[in-house]
$ cat run.json   # JSON, C-alpha atoms
[["chain", "number", "residue", "atom", "x", "y", "z"],
["A", 817, "MET", "CA", 100.93, 84.65, 103.13],
["A", 818, "ARG", "CA", 103.07, 83.66, 106.10],
["A", 819, "ARG", "CA", 101.54, 82.44, 109.35],
["A", 820, "PRO", "CA", 102.26, 85.61, 111.41],
["A", 821, "GLU", "CA", 100.58, 87.70, 108.70],
["A", 822, "ARG", "CA", 97.52, 85.43, 108.56],
["A", 823, "LEU", "CA", 97.24, 85.49, 112.34],
["A", 824, "ALA", "CA", 97.68, 89.28, 112.40],
["A", 825, "GLU", "CA", 94.80, 89.74, 109.96],
["A", 826, "ALA", "CA", 92.53, 87.40, 111.93],
["A", 827, "LEU", "CA", 93.46, 89.19, 115.16],
["A", 828, "ARG", "CA", 92.79, 92.62, 113.62],
["A", 829, "GLU", "CA", 89.30, 91.59, 112.54],
["A", 830, "GLU", "CA", 88.48, 89.95, 115.86],
["A", 831, "ILE", "CA", 89.91, 92.72, 118.05],
["A", 832, "THR", "CA", 88.02, 95.31, 115.99],
["A", 833, "GLU", "CA", 84.78, 93.47, 116.79],
["A", 834, "ILE", "CA", 85.60, 93.06, 120.48],
["A", 835, "VAL", "CA", 86.69, 96.67, 121.02],
["A", 836, "GLY", "CA", 83.79, 98.01, 118.97],
["A", 837, "PHE", "CA", 80.97, 95.91, 120.36],
["A", 838, "GLU", "CA", 81.92, 93.99, 123.51],
["A", 839, "LEU", "CA", 83.77, 96.56, 125.62],
["A", 840, "ASP", "CA", 81.31, 98.69, 127.58],
["A", 841, "ASP", "CA", 83.89, 101.31, 128.53],
["A", 842, "PRO", "CA", 82.91, 104.74, 127.11],
["A", 843, "ARG", "CA", 86.60, 105.69, 126.98],
["A", 844, "VAL", "CA", 87.13, 103.30, 124.05],
["A", 845, "ALA", "CA", 84.14, 104.50, 122.02],
["A", 846, "ALA", "CA", 86.38, 106.54, 119.68],
["A", 847, "VAL", "CA", 88.97, 103.77, 119.15],
["A", 848, "THR", "CA", 89.66, 102.25, 115.73],
["A", 849, "VAL", "CA", 91.98, 99.27, 115.31],
["A", 850, "THR", "CA", 94.18, 100.08, 112.31],
["A", 851, "ASP", "CA", 96.76, 97.30, 112.23],
["A", 852, "VAL", "CA", 98.13, 94.29, 114.10],
["A", 853, "ARG", "CA", 101.71, 93.05, 113.88],
["A", 854, "VAL", "CA", 102.55, 89.61, 115.25],
["A", 855, "SER", "CA", 106.08, 88.62, 116.27],
["A", 856, "GLU", "CA", 107.79, 85.79, 114.41],
["A", 857, "ASN", "CA", 107.41, 83.45, 117.40],
["A", 858, "LEU", "CA", 103.65, 84.30, 117.56],
["A", 859, "ARG", "CA", 103.88, 85.16, 121.27],
["A", 860, "ASP", "CA", 103.31, 88.91, 121.05],
["A", 861, "ALA", "CA", 101.02, 91.09, 118.99],
["A", 862, "LYS", "CA", 101.21, 94.86, 118.73],
["A", 863, "VAL", "CA", 97.74, 96.29, 118.14],
["A", 864, "TYR", "CA", 97.81, 99.75, 116.57],
["A", 865, "VAL", "CA", 94.82, 101.93, 117.36],
["A", 866, "LEU", "CA", 93.67, 105.34, 116.24],
["A", 867, "VAL", "CA", 91.96, 107.31, 118.99],
["A", 868, "GLU", "CA", 89.95, 110.46, 118.30],
["A", 869, "GLY", "CA", 89.74, 113.20, 120.89],
["A", 870, "SER", "CA", 91.91, 115.49, 122.96],
["A", 871, "GLU", "CA", 95.24, 114.37, 124.36],
["A", 872, "PRO", "CA", 93.79, 113.58, 127.83],
["A", 873, "GLU", "CA", 90.96, 111.57, 126.21],
["A", 874, "ILE", "CA", 93.49, 109.65, 124.11],
["A", 875, "LYS", "CA", 95.55, 108.83, 127.20],
["A", 876, "GLU", "CA", 92.45, 107.62, 129.04],
["A", 877, "ALA", "CA", 91.44, 105.46, 126.08],
["A", 878, "MET", "CA", 94.91, 103.90, 125.91],
["A", 879, "LYS", "CA", 94.81, 103.24, 129.66],
["A", 880, "ALA", "CA", 91.37, 101.60, 129.28],
["A", 881, "LEU", "CA", 92.66, 99.39, 126.43],
["A", 882, "GLN", "CA", 95.66, 98.27, 128.47],
["A", 883, "HIS", "CA", 93.33, 97.49, 131.37],
["A", 884, "ALA", "CA", 91.01, 95.50, 129.08],
["A", 885, "SER", "CA", 93.80, 93.64, 127.25],
["A", 886, "SER", "CA", 93.38, 90.42, 129.25],
["A", 887, "PHE", "CA", 89.62, 90.39, 128.51],
["A", 888, "VAL", "CA", 90.28, 91.07, 124.83],
["A", 889, "LYS", "CA", 92.90, 88.30, 124.74],
["A", 890, "GLN", "CA", 90.47, 85.87, 126.40],
["A", 891, "GLN", "CA", 87.71, 86.72, 123.90],
["A", 892, "VAL", "CA", 90.11, 86.37, 120.97],
["A", 893, "ALA", "CA", 91.17, 82.93, 122.22],
["A", 894, "LEU", "CA", 87.54, 81.81, 122.51],
["A", 895, "ASN", "CA", 86.37, 83.27, 119.21],
["A", 896, "LEU", "CA", 89.36, 82.16, 117.10],
["A", 897, "ASN", "CA", 89.81, 78.86, 118.93],
["A", 898, "LEU", "CA", 93.54, 79.48, 119.42],
["A", 899, "HIS", "CA", 95.72, 77.16, 121.45],
["A", 900, "HIS", "CA", 98.09, 79.97, 122.32],
["A", 901, "THR", "CA", 96.92, 83.56, 121.98],
["A", 902, "PRO", "CA", 99.61, 86.22, 121.64],
["A", 903, "HIS", "CA", 100.04, 88.75, 124.42],
["A", 904, "LEU", "CA", 98.37, 91.96, 123.20],
["A", 905, "HIS", "CA", 100.21, 95.28, 123.36],
["A", 906, "PHE", "CA", 98.10, 98.29, 122.41],
["A", 907, "ALA", "CA", 99.98, 101.13, 120.74],
["A", 908, "ARG", "CA", 98.80, 104.47, 119.46],
["A", 909, "ASP", "CA", 98.84, 104.72, 115.66],
["A", 910, "THR", "CA", 100.12, 108.19, 114.87],
["A", 911, "VAL", "CA", 100.42, 107.82, 111.09],
["A", 912, "GLU", "CA", 97.16, 109.64, 110.36],
["A", 913, "GLU", "CA", 97.89, 112.28, 113.00],
["A", 914, "ASN", "CA", 101.29, 112.91, 111.42],
["A", 915, "ALA", "CA", 99.75, 113.06, 107.94],
["A", 916, "ALA", "CA", 97.19, 115.64, 109.11],
["A", 917, "ARG", "CA", 99.99, 117.68, 110.72],
["A", 918, "VAL", "CA", 102.03, 117.60, 107.49],
["A", 919, "ASP", "CA", 98.97, 118.67, 105.48],
["A", 920, "ARG", "CA", 98.36, 121.55, 107.88],
["A", 921, "LEU", "CA", 102.01, 122.66, 107.68],
["A", 922, "LEU", "CA", 102.00, 122.45, 103.87],
["A", 923, "GLY", "CA", 98.83, 124.53, 103.82],
["A", 924, "GLU", "CA", 100.50, 127.16, 105.99],
["A", 925, "VAL", "CA", 103.56, 127.21, 103.71],
["A", 926, "GLY", "CA", 101.27, 127.56, 100.69],
["A", 927, "ARG", "CA", 99.46, 130.52, 102.24],
["A", 928, "GLU", "CA", 102.78, 132.17, 103.15],
["A", 929, "SER", "CA", 104.11, 131.81, 99.60],
["A", 930, "GLU", "CA", 100.87, 133.31, 98.20],
["A", 931, "PHE", "CA", 101.27, 136.20, 100.62],
["A", 932, "ASP", "CA", 104.93, 136.72, 99.58],
["A", 933, "GLU", "CA", 103.98, 136.72, 95.87],
["A", 934, "GLY", "CA", 101.27, 139.30, 96.49],
["A", 935, "SER", "CA", 103.65, 141.74, 98.21]]
$ encode --input "run.json" --output "structure tokens"
Amino acid sequence: MRRPERLAEALREEITEIVGFELDDPRVAAVTVTDVRVSENLRDAKVYVLVEGSEPEIKEAMKALQHASSFVKQQVALNLNLHHTPHLHFARDTVEENAARVDRLLGEVGRESEFDEGS
């Protein structure tokens, strides 16, 4: 496993702990860290998160994460004993949302075809 991948996995585990247990902001209560991608030069990390709730709640949670990013970065540096900690960029993970939307659409198509066959 290459260094960016090893660092990404360590960051994912650590950020999951920090967001889940050390941030006292209720806006991030429904946040799950799904993936972390680290740039080749190890200076930037994109943290993908899944946020449950309505669209306004999701936007507030993302805003809270961006606001807390320096704290999260500081905690990661302390806990992982890193000389240089990547700059954290939080991004909404829409893969599961898109999958649920596709499932819903396929279900609607299935019901329509059953209706057409019954006519």
$ closest_residue --input "run.json" --among "A:Val911, A:Ala880, A:Leu904, A:Leu896" --to "A:Ser855" --atoms "all atoms listed in the file"
A:Leu904
$ closest_residue --input "run.json" --among "A:Ile874, A:Val835, A:Ala916, A:Leu858" --to "A:Leu898" --atoms "all atoms listed in the file"
A:Leu858
$ residues_around --input "run.json" --residues "A:Arg828" --least-positions-apart "5" --cutoff "9 Å" --atoms "all atoms listed in the file" --output "ChimeraX atom specification"
/A:823,833,849-853,863
$ closest_residue --input "run.json" --among "A:Thr901, A:Asn914, A:Ser885, A:Leu921" --to "A:Asn857" --atoms "only C-alpha atoms"
A:Thr901
$ atom_distance --input "run.json" --atom1 "atom CA of A:Lys879" --atom2 "atom CA of A:Val847"
12.0 Å
$ atom_distance --input "run.json" --atom1 "atom CA of A:Gly869" --atom2 "atom CA of A:Arg843"
10.2 Å
$ atom_distance --input "run.json" --atom1 "atom CA of A:Asp909" --atom2 "atom CA of A:Arg927"
29.1 Å
$ closest_residue --input "run.json" --among "A:His900, A:Arg908, A:Lys889, A:Arg920" --to "A:Val867" --atoms "all atoms listed in the file"
A:Arg908
$ residues_near_point --input "run.json" --point "(87.7, 90.4, 123.2)" --cutoff "12 Å" --atoms "all atoms listed in the file" --output "ChimeraX atom specification"
/A:827-840,881,884-896,901,904
